[in-house]
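**Student:** Have a peek at input.cif (mmCIF, C-alpha atoms).
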```cif
data_input
loop_
_atom_site.label_atom_id
_atom_site.label_comp_id
_atom_site.auth_asym_id
_atom_site.auth_seq_id
_atom_site.Cartn_x
_atom_site.Cartn_y
_atom_site.Cartn_z
CA MET A 1264 -10.13 33.61 -2.73
CA LEU A 1265 -12.24 36.21 -0.90
CA LEU A 1266 -10.57 38.46 1.66
CA ALA A 1267 -11.57 41.18 4.16
CA SER A 1268 -14.96 41.60 5.89
CA HIS A 1269 -18.13 43.69 5.92
CA CYS A 1270 -17.43 47.42 6.42
CA GLY A 1271 -19.40 49.69 8.78
CA GLY A 1272 -21.79 47.80 10.97
CA GLY A 1273 -21.82 47.42 14.67
CA GLY A 1274 -20.66 44.77 17.06
CA ASN A 1275 -23.78 42.67 16.44
CA GLN A 1276 -22.95 42.15 12.76
CA LYS A 1277 -23.03 38.46 11.81
CA ASN A 1278 -20.92 36.67 9.28
CA PRO A 1279 -22.85 35.11 6.39
CA PRO A 1280 -23.48 31.37 6.53
CA LEU A 1281 -20.78 29.12 5.07
CA PRO A 1282 -21.09 27.09 1.89
CA HIS A 1283 -22.03 23.48 2.51
CA VAL A 1284 -19.09 21.52 1.08
CA VAL A 1285 -19.75 18.01 -0.21
CA ILE A 1286 -17.01 15.61 -1.40
CA GLU A 1287 -17.95 12.37 -3.11
CA VAL A 1288 -15.08 9.90 -3.54
CA THR A 1289 -15.25 6.94 -5.94
CA PRO A 1290 -14.07 4.37 -5.31
CA PRO A 1291 -13.60 4.87 -1.56
CA MET A 1292 -10.30 2.93 -1.60
CA VAL A 1293 -7.95 2.08 -4.47
CA ASP A 1294 -4.87 0.02 -5.11
CA VAL A 1295 -1.59 1.88 -5.44
CA GLY A 1296 -1.45 2.81 -9.12
CA GLN A 1297 -5.18 3.51 -9.40
CA ARG A 1298 -7.12 6.79 -9.29
CA TRP A 1299 -9.71 8.38 -7.07
CA ASN A 1300 -12.48 10.47 -8.64
CA LEU A 1301 -13.29 13.43 -6.39
CA ASP A 1302 -16.53 15.33 -6.91
CA GLY A 1303 -17.47 18.55 -5.09
CA SER A 1304 -20.23 19.58 -7.49
CA LYS A 1305 -23.01 18.98 -4.94
CA SER A 1306 -21.63 21.74 -2.71
CA THR A 1307 -24.03 24.64 -2.21
CA ASP A 1308 -23.77 28.35 -1.48
CA PRO A 1309 -26.49 29.64 0.88
CA ASN A 1310 -25.63 33.24 -0.07
CA GLY A 1311 -25.96 33.07 -3.82
CA ASP A 1312 -25.96 31.05 -7.02
CA SER A 1313 -24.26 27.70 -6.31
CA SER A 1314 -23.48 27.24 -9.99
CA LYS A 1315 -21.12 30.23 -9.79
CA MET A 1316 -19.00 28.81 -6.98
CA THR A 1317 -15.32 28.21 -7.65
CA PHE A 1318 -13.22 25.44 -6.18
CA LEU A 1319 -9.68 24.70 -5.09
CA TRP A 1320 -8.41 21.20 -4.31
CA LEU A 1321 -5.27 20.85 -2.22
CA LEU A 1322 -3.23 17.79 -1.27
CA ILE A 1323 -2.26 18.47 2.34
CA SER A 1324 -0.57 15.17 3.23
CA GLY A 1325 0.59 11.89 1.73
CA GLY A 1326 1.74 11.00 -1.74
CA LEU A 1327 5.16 11.34 -3.31
CA ASP A 1328 5.43 14.32 -5.67
CA THR A 1329 1.71 13.70 -6.22
CA LYS A 1330 -0.43 16.24 -8.10
CA PHE A 1331 -4.01 16.42 -9.24
CA ASP A 1332 -4.39 15.27 -12.83
CA ASP A 1333 -4.72 17.90 -15.54
CA HIS A 1334 -7.55 17.34 -18.01
CA CYS A 1335 -8.35 18.25 -21.60
CA LYS A 1336 -10.29 21.50 -21.98
CA GLU A 1337 -12.78 20.10 -24.48
CA ASN A 1338 -13.17 16.73 -22.73
CA PRO A 1339 -12.56 16.80 -18.96
CA ALA A 1340 -12.77 12.99 -18.91
CA GLU A 1341 -9.41 12.84 -20.71
CA ILE A 1342 -6.27 13.08 -18.55
CA CYS A 1343 -3.34 14.91 -20.13
CA SER A 1344 0.16 16.10 -19.31
CA SER A 1345 1.41 18.34 -22.14
CA ASN A 1346 0.51 20.55 -25.08
CA SER A 1347 2.08 20.32 -28.50
CA ASP A 1348 2.61 24.04 -29.06
CA ASP A 1349 2.75 25.98 -25.82
CA HIS A 1350 5.42 28.64 -26.34
CA CYS A 1351 8.02 30.45 -24.30
CA SER A 1352 7.02 33.85 -22.91
CA ASN A 1353 9.96 35.56 -24.59
CA ASP A 1354 9.91 33.62 -27.86
CA THR A 1355 6.64 32.56 -29.51
CA THR A 1356 8.56 30.38 -31.97
CA ARG A 1357 10.10 28.26 -29.19
CA PHE A 1358 7.76 25.52 -27.99
CA CYS A 1359 7.93 24.21 -24.44
CA HIS A 1360 6.47 21.76 -21.93
CA ALA A 1361 8.23 23.23 -18.87
CA ASP A 1362 10.05 26.45 -17.92
CA SER A 1363 13.37 24.64 -18.36
CA ASP A 1364 12.64 24.38 -22.09
CA CYS A 1365 13.00 28.16 -22.39
CA ILE A 1366 16.19 30.26 -22.42
CA ASN A 1367 17.16 33.77 -21.35
CA PHE A 1368 14.89 33.68 -18.27
CA GLY A 1369 11.80 32.94 -20.32
CA THR A 1370 8.96 30.88 -18.87
CA CYS A 1371 6.63 28.44 -20.54
CA ALA A 1372 3.30 30.09 -21.35
CA PHE A 1373 1.11 27.19 -20.29
CA ASN A 1374 -2.17 26.71 -22.13
CA SER A 1375 -1.09 29.06 -24.92
CA GLY A 1376 -1.11 26.22 -27.45
CA THR A 1377 -3.92 24.81 -29.56
CA THR A 1378 -3.42 21.01 -29.42
CA SER A 1379 -2.24 18.28 -27.10
CA PRO A 1380 -1.01 14.75 -27.89
CA ASP A 1381 -3.17 13.49 -25.02
CA CYS A 1382 -6.42 15.14 -26.07
CA THR A 1383 -8.80 14.08 -28.81
CA THR A 1384 -9.20 17.73 -29.61
CA GLY A 1385 -7.96 21.01 -28.13
CA ILE A 1386 -5.43 21.70 -25.40
CA CYS A 1387 -4.54 20.29 -22.02
CA GLU A 1388 -5.33 22.71 -19.22
CA LEU A 1389 -1.98 22.43 -17.53
CA GLY A 1390 -1.84 23.30 -13.85
CA LYS A 1391 -5.62 23.52 -13.51
CA GLY A 1392 -6.36 19.99 -12.36
CA GLY A 1393 -7.27 21.20 -8.88
CA THR A 1394 -9.41 24.18 -9.84
CA SER A 1395 -12.79 22.77 -10.86
CA ALA A 1396 -15.65 21.06 -9.08
CA THR A 1397 -14.27 17.64 -9.93
CA ALA A 1398 -10.74 16.28 -9.78
CA THR A 1399 -8.83 13.02 -10.13
CA LEU A 1400 -5.82 11.89 -8.11
CA LEU A 1401 -3.44 9.03 -8.81
CA ALA A 1402 -2.37 7.01 -5.77
CA ASN A 1403 1.24 6.65 -6.82
CA VAL A 1404 2.34 5.40 -3.37
CA ALA A 1405 0.66 3.94 -0.31
CA GLY A 1406 -1.79 6.12 1.60
CA PRO A 1407 -3.14 7.80 3.57
CA TYR A 1408 -3.66 10.98 1.58
CA GLY A 1409 -5.18 14.13 3.04
CA VAL A 1410 -7.18 16.20 0.54
CA ARG A 1411 -8.89 19.54 1.21
CA LEU A 1412 -11.55 21.16 -0.93
CA THR A 1413 -12.23 24.88 -0.60
CA ALA A 1414 -15.55 26.02 -2.05
CA ILE A 1415 -15.57 29.77 -2.69
CA GLY A 1416 -19.00 31.32 -2.63
CA SER A 1417 -20.32 34.83 -3.13
CA LYS A 1418 -19.81 35.94 0.48
CA SER A 1419 -17.98 33.15 2.32
CA ASN A 1420 -15.74 30.15 1.84
CA GLY A 1421 -16.15 26.64 3.21
CA THR A 1422 -13.63 23.83 3.40
CA LYS A 1423 -13.79 20.11 3.92
CA THR A 1424 -10.98 17.62 4.36
CA VAL A 1425 -11.14 13.96 3.43
CA THR A 1426 -8.62 11.25 4.26
CA LEU A 1427 -8.13 8.67 1.50
CA ASN A 1428 -6.39 5.35 1.88
CA THR A 1429 -5.09 2.57 -0.31
CA PHE A 1430 -5.55 -1.16 -0.14
CA PRO A 1431 -2.50 -3.06 1.16
CA SER A 1432 -0.14 -3.89 -1.69
CA LEU A 1433 1.28 -7.35 -2.33
CA TYR A 1434 5.07 -7.70 -2.30
CA VAL A 1435 6.93 -10.51 -4.04
CA VAL A 1436 10.37 -11.29 -2.62
CA GLY A 1437 13.15 -11.92 -5.10
CA SER A 1438 14.12 -9.10 -5.31
CA LEU A 1439 11.07 -7.03 -4.28
CA PHE A 1440 8.16 -6.21 -6.57
CA GLN A 1441 4.97 -4.35 -5.59
CA PHE A 1442 1.53 -5.20 -6.94
CA GLY A 1443 -1.93 -3.78 -6.36
CA GLY A 1444 -3.41 -5.81 -3.54
CA THR A 1445 -6.87 -6.42 -5.01
CA ASP A 1446 -6.22 -6.74 -8.77
CA GLY A 1447 -2.49 -7.50 -9.00
CA ALA A 1448 -1.46 -4.68 -11.34
CA LEU A 1449 2.31 -4.21 -11.35
CA VAL A 1450 3.30 -1.05 -9.47
CA GLY A 1451 7.06 -1.58 -9.88
CA ASP A 1452 10.15 -2.87 -8.14
CA VAL A 1453 11.88 -1.49 -5.06
CA PRO A 1454 15.40 -0.66 -6.37
CA ASP A 1455 17.01 -0.31 -2.94
CA ALA A 1456 15.87 -3.82 -2.06
CA ALA A 1457 17.73 -5.32 -5.00
CA GLN A 1458 20.86 -3.38 -4.09
CA TYR A 1459 20.92 -3.88 -0.33
CA THR A 1460 19.32 -7.32 -0.02
CA PRO A 1461 20.50 -9.18 -3.15
CA ASN A 1462 19.64 -12.55 -1.60
CA ALA A 1463 16.39 -11.73 0.19
CA PHE A 1464 14.32 -14.81 0.92
CA GLN A 1465 11.62 -13.66 3.36
CA GLY A 1466 9.76 -10.45 4.14
CA ALA A 1467 7.18 -8.88 6.44
CA SER A 1468 5.57 -5.49 7.00
CA ASN A 1469 5.80 -3.61 10.28
CA PRO A 1470 2.32 -2.94 11.74
CA ALA A 1471 3.68 0.20 13.41
CA ASP A 1472 4.35 2.06 10.16
CA GLY A 1473 3.97 -0.41 7.27
CA ASN A 1474 7.70 -0.36 6.53
CA LEU A 1475 9.07 -3.39 4.72
CA LEU A 1476 11.50 -5.84 6.32
CA LEU A 1477 13.59 -8.27 4.28
CA VAL A 1478 15.82 -11.08 5.49
CA ASP A 1479 18.99 -11.62 3.43
CA SER A 1480 20.63 -15.06 3.48
CA SER A 1481 24.14 -14.03 2.44
CA LEU A 1482 24.39 -10.82 4.48
CA ARG A 1483 22.56 -12.42 7.42
CA VAL A 1484 20.73 -9.21 8.23
CA ILE A 1485 17.21 -7.85 8.41
CA ARG A 1486 16.93 -4.70 6.30
CA GLU A 1487 14.20 -2.08 6.66
CA PHE A 1488 12.77 -0.12 3.71
CA ASP A 1489 10.41 2.84 3.76
CA LEU A 1490 6.88 1.83 2.74
CA VAL A 1491 6.27 4.98 0.67
CA THR A 1492 9.63 5.73 -0.95
CA GLY A 1493 11.22 2.28 -0.93
CA ASP A 1494 14.43 3.84 0.41
CA ILE A 1495 16.62 1.72 2.65
CA LEU A 1496 16.54 2.75 6.30
CA GLY A 1497 19.31 0.40 7.41
CA SER A 1498 19.15 -2.76 9.47
CA PHE A 1499 16.02 -2.98 11.58
CA GLY A 1500 16.65 -1.70 15.11
CA GLU A 1501 19.12 -3.79 17.09
CA THR A 1502 18.68 -6.94 15.03
CA ASP A 1503 22.12 -6.54 13.48
CA GLN A 1504 23.62 -6.56 16.99
CA PHE A 1505 21.69 -9.39 18.61
CA VAL A 1506 20.70 -11.73 15.77
CA ASP A 1507 23.02 -14.17 14.06
CA ASP A 1508 21.86 -15.82 10.84
CA PRO A 1509 18.13 -14.88 10.84
CA ALA A 1510 15.98 -17.59 9.27
CA ALA A 1511 12.33 -16.53 9.79
CA ILE A 1512 10.42 -13.51 11.06
CA THR A 1513 6.87 -12.60 12.06
CA PHE A 1514 5.06 -9.86 13.97
CA ASN A 1515 2.89 -10.76 16.93
CA PRO A 1516 -0.62 -9.51 15.99
CA GLU A 1517 -1.41 -8.65 19.62
CA THR A 1518 1.75 -6.87 20.79
CA HIS A 1519 3.05 -6.02 17.29
CA ASN A 1520 6.55 -6.99 18.45
CA LEU A 1521 8.89 -8.61 15.93
CA TYR A 1522 9.92 -12.23 16.53
CA VAL A 1523 13.13 -13.36 14.83
CA ALA A 1524 14.15 -17.02 14.65
CA GLU A 1525 17.82 -17.76 13.97
CA ASP A 1526 18.86 -20.84 12.02
CA THR A 1527 19.83 -22.47 15.32
CA GLY A 1528 16.24 -22.05 16.52
CA ARG A 1529 16.82 -19.27 19.04
CA VAL A 1530 14.02 -16.67 18.95
CA THR A 1531 14.49 -13.06 20.03
CA VAL A 1532 11.85 -10.36 20.36
CA PHE A 1533 12.18 -6.71 19.27
CA ASP A 1534 9.98 -3.67 19.77
CA ASP A 1535 8.11 -2.86 16.56
CA GLN A 1536 8.59 0.92 16.85
CA SER A 1537 12.09 1.33 18.25
CA GLY A 1538 13.57 -1.95 17.09
CA LEU A 1539 15.17 -2.41 20.50
CA LEU A 1540 15.72 -5.90 21.87
CA ILE A 1541 13.06 -6.87 24.41
CA THR A 1542 13.78 -10.48 25.35
CA THR A 1543 14.76 -13.95 24.23
CA PHE A 1544 11.61 -15.98 23.60
CA GLY A 1545 13.12 -19.45 23.57
CA ASN A 1546 14.25 -22.06 21.05
CA VAL A 1547 11.97 -23.53 18.38
CA GLY A 1548 14.45 -26.03 16.92
CA ALA A 1549 17.00 -25.86 14.14
CA HIS A 1550 16.34 -24.57 10.62
CA PRO A 1551 13.00 -22.79 11.07
CA LYS A 1552 11.42 -21.76 7.78
CA ALA A 1553 8.28 -19.91 8.82
CA LEU A 1554 6.67 -18.45 11.96
CA ARG A 1555 3.07 -17.41 12.57
CA PHE A 1556 0.96 -16.71 15.66
CA SER A 1557 -2.34 -18.53 16.04
CA PRO A 1558 -5.28 -16.11 16.20
CA THR A 1559 -7.20 -18.55 18.42
CA THR A 1560 -4.59 -19.61 21.00
CA GLY A 1561 -1.88 -16.96 20.69
CA ASP A 1562 0.70 -19.75 20.34
CA LEU A 1563 3.69 -19.43 18.04
CA LEU A 1564 3.47 -21.94 15.20
CA VAL A 1565 6.67 -22.98 13.45
CA ILE A 1566 7.57 -24.82 10.26
CA ASN A 1567 11.09 -26.26 10.03
CA GLY A 1568 10.82 -28.40 6.90
CA ASP A 1569 9.84 -31.62 8.65
CA PRO A 1570 6.24 -32.81 8.25
CA GLY A 1571 3.78 -30.95 10.40
CA VAL A 1572 3.55 -27.67 12.26
CA LEU A 1573 5.28 -27.21 15.65
CA ASP A 1574 3.36 -25.52 18.45
CA PHE A 1575 4.99 -23.33 21.14
CA ASP A 1576 3.28 -21.55 24.01
CA GLY A 1577 2.90 -17.90 23.01
CA SER A 1578 3.83 -16.54 26.43
CA ASP A 1579 6.97 -18.45 27.37
CA GLY A 1580 7.94 -20.56 24.35
CA THR A 1581 7.26 -23.92 26.02
CA PRO A 1582 7.10 -26.58 23.27
CA LYS A 1583 3.74 -28.34 22.89
CA GLY A 1584 4.71 -30.74 20.13
CA VAL A 1585 3.28 -31.16 16.65
CA LEU A 1586 -0.01 -29.34 16.09
CA GLY A 1587 -2.92 -31.76 15.68
CA GLY A 1588 -2.75 -33.94 12.61
CA THR A 1589 -0.57 -31.62 10.54
CA ALA A 1590 2.32 -34.13 10.42
CA GLY A 1591 0.21 -36.66 8.59
CA ALA A 1592 -1.24 -34.07 6.20
CA THR A 1593 2.06 -32.52 5.03
CA THR A 1594 5.35 -33.77 3.68
CA GLU A 1595 7.38 -30.64 2.82
CA PRO A 1596 5.70 -27.68 4.57
CA VAL A 1597 7.30 -24.30 3.86
CA ASP A 1598 4.84 -21.61 5.00
CA LEU A 1599 1.53 -21.04 6.78
CA ASP A 1600 -1.17 -18.45 7.32
CA PHE A 1601 -4.67 -18.19 8.71
CA LEU A 1602 -7.89 -17.69 6.76
CA GLY A 1603 -10.19 -16.73 9.60
CA ASP A 1604 -9.82 -19.62 12.04
CA SER A 1605 -8.62 -22.03 9.35
CA LEU A 1606 -4.93 -22.87 9.14
CA LEU A 1607 -3.49 -22.97 5.62
CA ILE A 1608 -0.17 -24.76 5.04
CA ALA A 1609 1.84 -24.39 1.84
CA ASP A 1610 3.56 -27.70 1.05
CA GLU A 1611 6.43 -27.71 -1.42
CA SER A 1612 5.35 -31.10 -2.73
CA GLY A 1613 2.73 -29.23 -4.75
CA LYS A 1614 -0.28 -28.63 -2.53
CA VAL A 1615 -1.97 -26.42 0.04
CA VAL A 1616 -3.50 -28.07 3.11
CA GLU A 1617 -6.34 -26.60 5.18
CA CYS A 1618 -6.84 -27.58 8.83
CA ASP A 1619 -8.82 -26.37 11.80
CA ALA A 1620 -6.95 -23.92 14.01
CA ASP A 1621 -5.96 -26.79 16.32
CA GLY A 1622 -4.52 -28.80 13.41
CA ALA A 1623 -7.49 -31.20 13.18
CA SER A 1624 -9.60 -32.15 10.15
CA CYS A 1625 -6.84 -31.47 7.61
CA HIS A 1626 -7.80 -31.67 3.93
CA ALA A 1627 -6.93 -30.16 0.56
CA PHE A 1628 -7.77 -26.46 0.47
CA SER A 1629 -8.42 -26.50 -3.27
CA SER A 1630 -8.12 -29.33 -5.78
CA GLN A 1631 -8.10 -26.68 -8.50
CA LEU A 1632 -5.10 -24.97 -6.92
CA ASP A 1633 -3.25 -28.25 -6.36
CA GLY A 1634 -3.74 -29.06 -10.04
CA MET A 1635 -1.97 -25.82 -10.97
CA LEU A 1636 1.05 -26.54 -8.76
CA ALA A 1637 4.03 -28.80 -9.41
CA ALA A 1638 6.67 -30.24 -7.09
CA GLY A 1639 8.84 -27.35 -5.90
CA SER A 1640 5.81 -25.08 -5.45
CA PRO A 1641 4.36 -23.32 -3.57
CA SER A 1642 7.09 -21.49 -1.69
CA ALA A 1643 4.85 -19.17 0.34
CA ILE A 1644 1.24 -18.38 1.18
CA ALA A 1645 -0.52 -15.19 2.28
CA VAL A 1646 -4.15 -14.36 3.05
CA ASN A 1647 -5.26 -11.08 1.52
CA PRO A 1648 -6.13 -8.46 4.20
CA SER A 1649 -8.54 -6.98 1.61
CA LYS A 1650 -10.35 -10.28 1.01
CA ASP A 1651 -13.74 -8.66 1.69
CA GLN A 1652 -13.22 -6.39 -1.34
CA THR A 1653 -11.84 -8.92 -3.82
CA GLY A 1654 -12.14 -12.53 -4.91
CA ASN A 1655 -8.36 -12.88 -4.66
CA ASP A 1656 -8.47 -14.07 -1.06
CA VAL A 1657 -5.65 -16.62 -0.78
CA LEU A 1658 -2.38 -16.13 -2.64
CA VAL A 1659 0.45 -18.62 -3.10
CA ALA A 1660 3.89 -18.03 -4.60
CA ASP A 1661 4.53 -20.46 -7.46
CA PRO A 1662 8.25 -20.42 -8.32
CA VAL A 1663 7.86 -23.32 -10.75
CA GLY A 1664 5.16 -21.54 -12.71
CA GLN A 1665 6.86 -18.14 -12.21
CA ARG A 1666 3.77 -16.42 -10.86
CA VAL A 1667 1.51 -15.86 -7.88
CA ILE A 1668 -1.77 -17.78 -7.89
CA SER A 1669 -4.88 -16.42 -6.21
CA CYS A 1670 -8.04 -18.26 -5.15
CA ASP A 1671 -11.32 -17.36 -3.52
CA SER A 1672 -11.72 -18.22 0.14
CA ASP A 1673 -13.59 -21.42 -0.76
CA GLY A 1674 -10.76 -22.59 -3.02
CA SER A 1675 -12.53 -21.75 -6.28
CA GLY A 1676 -11.61 -19.29 -9.03
CA CYS A 1677 -7.88 -20.02 -8.88
CA ASP A 1678 -5.84 -18.17 -11.50
CA THR A 1679 -2.67 -16.15 -12.00
CA PHE A 1680 -2.88 -13.05 -9.83
CA GLY A 1681 -2.78 -9.96 -12.02
CA ALA A 1682 0.56 -9.28 -13.69
CA THR A 1683 2.65 -11.38 -11.30
CA ASP A 1684 3.70 -13.65 -14.19
CA THR A 1685 5.43 -10.74 -15.96
CA ILE A 1686 8.35 -10.22 -13.57
CA ASP A 1687 11.79 -11.82 -13.27
CA SER A 1688 11.68 -13.22 -9.76
CA GLN A 1689 12.51 -16.33 -7.78
CA PHE A 1690 9.17 -16.02 -5.94
CA LYS A 1691 10.71 -16.94 -2.59
CA ASP A 1692 8.09 -15.21 -0.46
CA ILE A 1693 4.99 -13.02 -0.62
CA PHE A 1694 3.55 -10.64 1.97
CA PHE A 1695 1.20 -7.71 2.26
CA ALA A 1696 1.90 -4.22 3.58
CA PRO A 1697 0.58 -2.67 5.66
CA ALA A 1698 -0.53 -5.64 7.68
CA THR A 1699 -4.17 -4.60 8.07
CA THR A 1700 -6.67 -2.94 5.78
CA ALA A 1701 -6.90 0.74 6.60
CA THR A 1702 -10.21 2.58 6.59
CA THR A 1703 -11.31 5.77 4.88
CA THR A 1704 -12.42 8.59 7.19
CA THR A 1705 -13.55 12.15 6.64
CA SER A 1706 -13.48 15.28 8.69
CA THR A 1707 -14.86 18.75 8.10
CA SER A 1708 -13.49 22.19 8.87
CA THR A 1709 -14.71 25.60 7.73
CA THR A 1710 -13.42 29.10 7.27
CA THR A 1711 -15.21 32.28 6.38
CA THR A 1712 -14.33 35.60 4.77
CA THR A 1713 -16.64 38.36 3.55
CA THR A 1714 -16.39 41.22 1.09
CA LEU A 1715 -15.88 44.94 1.86
CA LYS A 1716 -18.67 47.27 0.81
#
```
Is it possible to give me this structure as C-alpha cells?

**Tutor:**
Amino acid sequence: MLLASHCGGGGNQKNPPLPHVVIEVTPPMVDVGQRWNLDGSKSTDPNGDSSKMTFLWLLISGGLDTKFDDHCKENPAEICSSNSDDHCSNDTTRFCHADSDCINFGTCAFNSGTTSPDCTTGICELGKGGTSATATLLANVAGPYGVRLTAIGSKSNGTKTVTLNTFPSLYVVGSLFQFGGTDGALVGDVPDAAQYTPNAFQGASNPADGNLLLVDSSLRVIREFDLVTGDILGSFGETDQFVDDPAAITFNPETHNLYVAEDTGRVTVFDDQSGLLITTFGNVGAHPKALRFSPTTGDLLVINGDPGVLDFDGSDGTPKGVLGGTAGATTEPVDLDFLGDSLLIADESGKVVECDADGASCHAFSSQLDGMLAAGSPSAIAVNPSKDQTGNDVLVADPVGQRVISCDSDGSGCDTFGATDTIDSQFKDIFFAPATTATTTTSTSTTTTTTLK
C-alpha cells in the first residue's frame, strides 16, 4: 500500500484524484451456506493505467471465522484450500498444510508446492483470496457482513465498503435444524439447542436481534440462542421468573414485544430487547397452541385445539369470540400465519385452510398440498419472508411425511422443501429468523496517499 506524500511543493499543492472504486456483487443476497461473487475489476485509476491497479479485500464485520476463498492459480474459478506438497521452511522434505504441521519453529512455506487436490492443475494460492480484483465469500452464518475493497493506484488509493446480507433461514424445531430460506439447503443443526432444550416444541425469532427462542415442554422454560453462533444465552429475560409452563409464544409485529401464553391461558408481555416483564395481557383460555397478531386489526389470534380461531382485542385482551367462520372450516387447528391479508390455518386432520383476514370465505388453500398430507400433519405453518425471491412461499411442517412442504402463494408447485427430508426430527414447529427480510446497502469512503519524489 502506498505511503507518504509529494515532497517539495508549496501550500497550494493538491493531492491527486482518487481511484473510482466499483464493487459488483452477485447475487445481491444469498442463503446461509451460499457464496457471494465480488468483482472490483471495473474500478479505474485516473492517475495511470487501471490494468496495473492492485486490490485488497477486507472483511470488517460479520461472519464467524469467515475468510475470502482461496483459488487455484491456473483456474481462478476453482476454489481450493490446500496444496499437496507445500513444505516446511526449515525442512523441504516435510510437507505441510499449516504452520502446526512443522516442527522446531518452522513455518509452512505456502504456495511452494506444485499441485493441489482441489485444482485441476497447478497449486492453490493459499492466503491470496483477498488480493485480486475479484473475490468470493461464503456466508457461513447469518449476515450482515461488512466488506471493504481498497484499490491501490499509481498515486492514490480509494476504498469502498459494501454491506451484504443473507436471506432469513428456516429453522425446524425438534431439535433445531437450520436451512437456507429460499432453497432449503441444509446448513446444520444447533448443538446447544439439543442439549439445553431436549423437548423443544415451539420457536420464534426475536425481531430485535434475530436470536432464536425455543419453548421446552419438560423444562418449562424459554431458552434464547445466539442467531450467529447458536450458543445458548440462557433463559430469555425474566420469563423464567414470571412464566409458569409456557405453551405458545409470538412477537407483536408493531411493538416487537414478546407475548407468552401459559398452559392456563394467562398471557404476559416482555420487552424484546431487555426481556423484562412489561405487563399481563389477559387470559386467552386453557391449552393455547399458537398465537399470532392480525396484520389488519392488530388483534391477538389464538388456537387452542378446538375448532376455529379465537379473537382477542390487541390492546386489552378483551375476548371477541371465534373469528368469522373458522370454526366450521377447521377441526383440529394447530397453527396459523398470514399470507398478505389472507389467514392460513394448519389443521392436523391433514389440510391447510385459507380465509379472509376476518375469518370469512374459508376454503382449501391448496388441493395439491392437502393431497400430500395425512392425518397427524401438518404441525406448523410459516410464510416465507423472502417469498418475493422464491417460489417457496408457504411452508408447512409434515411430521407424518418427515419433511417440510413448500408451495407457491397460489397453492401450486407444492413439493418437499430442499433437504428437509434428510434430517432426524419430530417436525414440531418451523419458523424463520430474522423475522423480516433484510436489505443490501452500500456506502463509500475514500483515502488517499501519494509517493515521495

**Student:** Might you pull out every residue within 12 Å of A:Gly1528, with all atoms listed in the file counted and same-chain residues fewer than 6 positions away left off, and present them as a short mmCIF file (atom, residue, chain, number, x, y, z; two decimals) with C-alpha atoms, keeping the file's coordinate frame?

**Tutor:**
```cif
data_model
loop_
_atom_site.label_atom_id
_atom_site.label_comp_id
_atom_site.auth_asym_id
_atom_site.auth_seq_id
_atom_site.Cartn_x
_atom_site.Cartn_y
_atom_site.Cartn_z
CA VAL A 1506 20.70 -11.73 15.77
CA ASP A 1507 23.02 -14.17 14.06
CA ASP A 1508 21.86 -15.82 10.84
CA PRO A 1509 18.13 -14.88 10.84
CA ALA A 1510 15.98 -17.59 9.27
CA ALA A 1511 12.33 -16.53 9.79
CA ILE A 1512 10.42 -13.51 11.06
CA TYR A 1522 9.92 -12.23 16.53
CA THR A 1543 14.76 -13.95 24.23
CA PHE A 1544 11.61 -15.98 23.60
CA GLY A 1545 13.12 -19.45 23.57
CA ASN A 1546 14.25 -22.06 21.05
CA VAL A 1547 11.97 -23.53 18.38
CA GLY A 1548 14.45 -26.03 16.92
CA ALA A 1549 17.00 -25.86 14.14
CA HIS A 1550 16.34 -24.57 10.62
CA PRO A 1551 13.00 -22.79 11.07
CA LYS A 1552 11.42 -21.76 7.78
CA ALA A 1553 8.28 -19.91 8.82
CA LEU A 1554 6.67 -18.45 11.96
CA VAL A 1565 6.67 -22.98 13.45
CA ILE A 1566 7.57 -24.82 10.26
CA ASN A 1567 11.09 -26.26 10.03
CA GLY A 1580 7.94 -20.56 24.35
#
```

**Student:** Please determine, counting all atoms listed in the file, which residue among A:Asn1515, A:Thr1370, A:Thr1329, A:Asn1310 has the shortest atom-to-atom distance to A:Ile1415.

**Tutor:**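 Once distances to A:Ile1415 are computed over all atoms listed in the file, the minimum belongs to A:Asn1310.
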
**Student:** Could you write out as a VMD selection string the residues that the PyMOL selection byres ((chain A and resi 1378) around 12) matches in the shown file?

**Tutor:** chain A and resid 1335 to 1337 1343 to 1349 1373 to 1377 1379 to 1388

**Student:** So, counting all atoms listed in the file, which residue among A:Leu1636, A:Asp1526, A:Phe1556, A:Pro1570 is closest to A:Leu1606?

**Tutor:** A:Phe1556

**Student:** Just say which residues the PyMOL selection byres ((chain A and resi 1518) around 12) picks in this file, as a short mmCIF file (atom, residue, chain, number, x, y, z; two decimals) with C-alpha atoms, in the coordinates of the input.

**Tutor:**
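See part.cif below for the written result:
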```cif
data_model
loop_
_atom_site.label_atom_id
_atom_site.label_comp_id
_atom_site.auth_asym_id
_atom_site.auth_seq_id
_atom_site.Cartn_x
_atom_site.Cartn_y
_atom_site.Cartn_z
CA ASN A 1469 5.80 -3.61 10.28
CA PRO A 1470 2.32 -2.94 11.74
CA ALA A 1471 3.68 0.20 13.41
CA THR A 1513 6.87 -12.60 12.06
CA PHE A 1514 5.06 -9.86 13.97
CA ASN A 1515 2.89 -10.76 16.93
CA PRO A 1516 -0.62 -9.51 15.99
CA GLU A 1517 -1.41 -8.65 19.62
CA HIS A 1519 3.05 -6.02 17.29
CA ASN A 1520 6.55 -6.99 18.45
CA LEU A 1521 8.89 -8.61 15.93
CA TYR A 1522 9.92 -12.23 16.53
CA VAL A 1532 11.85 -10.36 20.36
CA PHE A 1533 12.18 -6.71 19.27
CA ASP A 1534 9.98 -3.67 19.77
CA ASP A 1535 8.11 -2.86 16.56
CA GLN A 1536 8.59 0.92 16.85
CA ILE A 1541 13.06 -6.87 24.41
CA PHE A 1556 0.96 -16.71 15.66
CA GLY A 1561 -1.88 -16.96 20.69
CA GLY A 1577 2.90 -17.90 23.01
CA SER A 1578 3.83 -16.54 26.43
#
```

**Student:** Which residue, A:Phe1505, A:Phe1680, A:Phe1601, A:Tyr1459, has the smallest gap to A:Glu1487 when you use all atoms listed in the file?

**Tutor:**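 When distances to A:Glu1487 are compared using all atoms listed in the file, the smallest one comes from A:Tyr1459.
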
**Student:** Take the PyMOL selection byres ((chain A and resi 1312-1321) around 8), apply it to the structure above, and return the hits as a ChimeraX atom specification.

**Tutor:** /A:1306-1311,1322-1323,1393-1396,1398,1410-1417

**Student:** May I have the residues within 9 Å of A:Ala1623 as a ChimeraX atom specification, using all atoms listed in the file and disregarding those fewer than 2 positions away in the same chain?

**Tutor:** /A:1586-1589,1618-1621,1625
